[in-house]
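Asker: Provided herewith: target23.txt, compact mmCIF, C-alpha atoms and all ligand atoms.
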```txt
# COMPACT_ATOMS: atom_id res chain seq x y z
CA MET A 1 9.00 7.51 28.10
CA ASP A 2 11.02 9.93 25.99
CA ALA A 3 9.76 12.88 23.95
CA ALA A 4 9.28 10.77 20.81
CA ASP A 5 7.22 8.18 22.72
CA ARG A 6 5.10 10.91 24.27
CA TRP A 7 4.54 12.48 20.87
CA LEU A 8 3.55 9.11 19.38
CA ALA A 9 1.20 8.33 22.27
CA LYS A 10 -0.45 11.74 21.88
CA LYS A 11 -0.82 11.30 18.11
CA LYS A 12 -2.33 7.82 18.50
CA LYS A 13 -4.83 9.16 21.02
CA GLU A 14 -5.77 12.06 18.74
CA ILE A 15 -6.28 9.73 15.80
CA ARG A 16 -8.32 7.22 17.81
CA LYS A 17 -10.57 10.05 18.94
CA SER A 18 -11.08 11.27 15.40
CA LYS A 19 -11.89 7.86 13.89
CA LYS A 20 -14.78 9.33 11.90
CA LYS A 21 -12.33 11.66 10.23
CA LEU A 22 -10.01 8.90 8.99
CA PRO A 23 -9.10 9.69 5.37
CA ASP A 24 -9.90 7.23 2.58
CA GLY A 25 -6.19 6.48 2.16
CA ASN A 26 -6.22 6.81 -1.60
CA ARG A 27 -4.96 10.36 -1.96
CA SER A 28 -1.49 10.62 -0.45
CA TYR A 29 1.23 8.97 1.55
CA ARG A 30 0.26 11.32 4.38
CA GLN A 31 -3.23 9.74 4.50
CA ARG A 32 -1.63 6.29 4.52
CA ASP A 33 0.51 7.28 7.47
CA GLN A 34 -2.52 8.64 9.35
CA ILE A 35 -4.35 5.34 8.91
CA LEU A 36 -1.26 3.36 9.92
CA LEU A 37 -0.93 5.42 13.07
CA HIS A 38 -4.60 4.69 13.80
CA LEU A 39 -3.80 0.97 13.43
CA GLY A 40 -0.88 1.34 15.84
CA PHE A 41 2.03 1.45 13.39
CA GLU A 42 4.40 4.34 13.90
CA SER A 43 5.67 4.19 10.31
CA TYR A 44 5.19 2.46 6.98
CA GLY A 45 8.46 0.62 7.67
CA ALA A 46 7.01 -0.75 10.91
CA TYR A 47 3.92 -1.87 8.99
CA LEU A 48 6.06 -3.66 6.36
CA ARG A 49 7.71 -5.62 9.18
CA SER A 50 4.37 -6.64 10.71
CA LYS A 51 2.55 -9.97 10.68
CA ALA A 52 -0.43 -8.19 9.10
CA TRP A 53 1.62 -7.28 6.02
CA LYS A 54 3.29 -10.70 5.81
CA ARG A 55 -0.18 -12.25 5.71
CA VAL A 56 -1.21 -9.93 2.86
CA VAL A 57 1.96 -10.82 0.93
CA ARG A 58 1.19 -14.53 1.28
CA LEU A 59 -2.43 -14.12 0.14
CA VAL A 60 -1.53 -11.91 -2.83
CA SER A 61 1.39 -14.15 -3.90
CA ASP A 62 -0.88 -17.21 -3.81
CA ARG A 63 -3.57 -15.42 -5.83
CA ASP A 64 -1.42 -13.77 -8.51
CA VAL A 65 1.72 -15.96 -8.87
CA VAL A 66 3.05 -13.85 -11.80
CA CYS A 67 3.34 -10.11 -12.45
CA ARG A 68 -0.18 -8.80 -13.09
CA ILE A 69 1.10 -6.37 -15.70
CA CYS A 70 3.60 -8.29 -17.85
CA GLY A 71 3.16 -11.92 -16.76
CA VAL A 72 6.77 -12.70 -15.79
CA SER A 73 7.60 -14.12 -12.38
CA GLY A 74 6.31 -11.73 -9.72
CA SER A 75 8.37 -10.64 -6.75
CA VAL A 76 6.85 -7.48 -5.23
CA CYS A 77 3.47 -6.87 -3.62
CA HIS A 78 2.29 -3.46 -4.75
CA HIS A 79 -0.41 -1.36 -3.05
CA PHE A 80 -2.42 1.04 -5.12
CA SER A 81 -4.77 1.75 -2.25
CA TYR A 82 -4.02 2.50 1.36
CA SER A 83 -7.61 2.28 2.57
CA LEU A 84 -8.18 1.06 6.11
CA ASP A 85 -9.45 -2.32 4.83
CA THR A 86 -6.49 -2.72 2.48
CA LEU A 87 -3.96 -1.95 5.21
CA LYS A 88 -5.74 -4.29 7.63
CA GLY A 89 -5.67 -7.02 4.98
CA SER A 90 -9.45 -7.51 4.99
CA ASP A 91 -9.60 -6.35 1.35
CA ILE A 92 -6.66 -7.26 -0.92
CA THR A 93 -8.25 -6.35 -4.25
CA GLU A 94 -5.99 -3.29 -4.55
CA VAL A 95 -2.75 -5.08 -3.74
CA VAL A 96 -1.17 -6.97 -6.66
CA LEU A 97 1.92 -8.99 -7.39
CA LEU A 98 4.35 -7.32 -9.81
CA CYS A 99 7.82 -7.98 -11.16
CA GLY A 100 10.57 -5.61 -10.04
CA GLY A 101 10.63 -3.75 -13.37
CA CYS A 102 6.89 -3.04 -13.52
CA HIS A 103 6.94 -2.00 -9.86
CA LEU A 104 9.75 0.49 -10.42
CA SER A 105 8.08 1.98 -13.47
CA LEU A 106 4.91 2.62 -11.45
CA GLU A 107 6.67 4.03 -8.39
CA PHE A 108 9.27 6.21 -10.16
CA ASN A 109 9.11 8.51 -13.16
CA PRO A 110 11.64 8.09 -16.02
CA ASN A 111 14.00 10.55 -14.29
CA GLY A 112 14.12 8.34 -11.22
CA ARG A 113 11.98 10.58 -9.03
CA LYS A 114 9.42 9.00 -6.72
CA ARG A 115 5.92 9.63 -8.01
CA ARG A 116 3.19 11.08 -5.81
CA PHE A 117 0.77 8.44 -4.55
CA LEU A 118 -2.20 9.64 -6.59
CA GLU A 119 -0.12 9.30 -9.76
CA VAL A 120 1.04 5.81 -8.73
CA ARG A 121 -2.57 4.84 -8.06
CA ASN A 122 -3.84 6.14 -11.41
CA LEU A 123 -1.00 4.54 -13.39
CA SER A 124 -1.57 1.25 -11.58
CA ILE A 125 -5.27 1.24 -12.42
CA GLN A 126 -4.48 1.99 -16.10
CA ALA A 127 -1.78 -0.70 -16.32
CA LEU A 128 -3.95 -3.33 -14.65
CA ALA A 129 -6.85 -2.55 -16.99
CA GLN A 130 -4.61 -3.93 -19.76
CA ASP A 131 -3.90 -7.14 -17.81
CA PRO A 132 -4.42 -9.91 -20.42
CA SER A 133 -5.55 -12.40 -17.74
CA ARG A 134 -8.48 -10.10 -16.94
CA THR A 135 -9.86 -9.93 -20.48
CA GLN A 136 -12.34 -12.47 -21.74
ZN ZN A 201 6.03 -7.04 -14.79
```
Any chance you could put this one into structure tokens?

Answerer:
Amino acid sequence: MDAADRWLAKKKKEIRKSKKKLPDGNRSYRQRDQILLHLGFESYGAYLRSKAWKRVVRLVSDRDVVCRICGVSGSVCHHFSYSLDTLKGSDITEVVLLCGGCHLSLEFNPNGRKRRFLEVRNLSIQALAQDPSRTQ
């Protein structure tokens, strides 16, 4: 076990012990990473390679089919929550299918800088509120 493994094992133990203090996951990428560590994923990249995420992608793609914002063919599953239930895949209401263009415009500002998660979340909620398939 090298230093990185020992650090990861220690972090996982700390987070398991402090389960009651798990953040809601909807404030920052740091909260997301804390929840992922609690679930046993050392990084978001590791999570995106997991069976758990592949299952979420399948469920969301079957449900949405097209981009939930503009209606063209969808290609990207977009989180706007990183709650424990969302990351586990037991609640996929805050994961939606988007086209590449809509996804980029939510994740990056017009200057090409990555947005903070709270901004991404708020913009996503606003954009989805205008989803024509949701109106009566
Ligand atoms: Zn779109």

Asker: Which residue is closest to Leu98 of chain A? Choose from A:Asn26, A:Ser61, A:Ser83, A:Asn122 and count only C-alpha atoms.

Answerer: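 Closest to Leu98 of chain A, using only C-alpha atoms: A:Ser61.
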
Asker: Go ahead and compute the interatomic distance for atom CA of Arg63 of chain A and atom CA of Leu37 of chain A, in Å to one decimal.

Answerer: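 We find that atom CA of Arg63 of chain A and atom CA of Leu37 of chain A lie 28.3 Å from each other.
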
Asker: Could you report the residues within 12 Å of ligand ZN 201 (chain A), using only C-alpha atoms and all ligand atoms, as an NGL selection string?

Answerer: :A and (64-78 or 96-106 or 124 or 127-128 or 131)

Asker: Report as an NGL selection string all protein, DNA and RNA residues lying within 10 Å of Gly89 of chain A, evaluated on only C-alpha atoms, omitting residues in the same chain fewer than 5 positions from it.

Answerer: :A and (52-57 or 59 or 83-84 or 95)

Asker: Work out how far atom CA of His38 of chain A is from atom CA of Lys12 of chain A, in Å to one decimal.

Answerer: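 Going from atom CA of Lys12 of chain A over to atom CA of His38 of chain A covers 6.1 Å.
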
Asker: How many Å lie between atom CA of Arg58 of chain A and atom CA of Asp85 of chain A, rounded to one decimal?

Answerer: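 Between atom CA of Arg58 of chain A and atom CA of Asp85 of chain A the gap works out to 16.6 Å.
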
Asker: Could you name the residues that touch Leu22 of chain A at 12 Å or less, counting all atoms listed in the file, but leaving out those on the same chain fewer than 6 positions away, as number ranges by chain?

Answerer: A: 14-16, 30-39, 82-85

Asker: Would you place a box with edges along x, y and z of the file around all atoms of segment 63-78 of chain A listed there, add 5 Å to each of its six sides, and report the centre and edge lengths in Å to one decimal, as lines of an AutoDock Vina configuration file?

Answerer:
```
center_x = 2.4
center_y = -9.7
center_z = -10.7
size_x = 21.9
size_y = 22.5
size_z = 24.2
```

Asker: Given the choices A:Arg6, A:Ser43, A:Phe80, A:Ile92, which gets closest to Phe117 of chain A if the distance is worked out from only C-alpha atoms?

Answerer: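 Looking at the shortest contact to Phe117 of chain A, the residue is A:Phe80.
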
Asker: So that I can check the surroundings of Ser81 of chain A, please list as a list of chain:residue names every protein, DNA and RNA residue that reaches within 7 Å of it, counting only C-alpha atoms and ignoring chain neighbours fewer than 5 positions away.

Answerer: A:Gly25, A:Asn26, A:Thr86, A:Glu94, A:Arg121

Asker: Find the residues around Arg116 of chain A up to 10 Å (all atoms listed in the file counted), leave out those fewer than 6 positions away in its own chain, and share them as a PyMOL selection string.

Answerer: chain A and resi 27-29+107-109
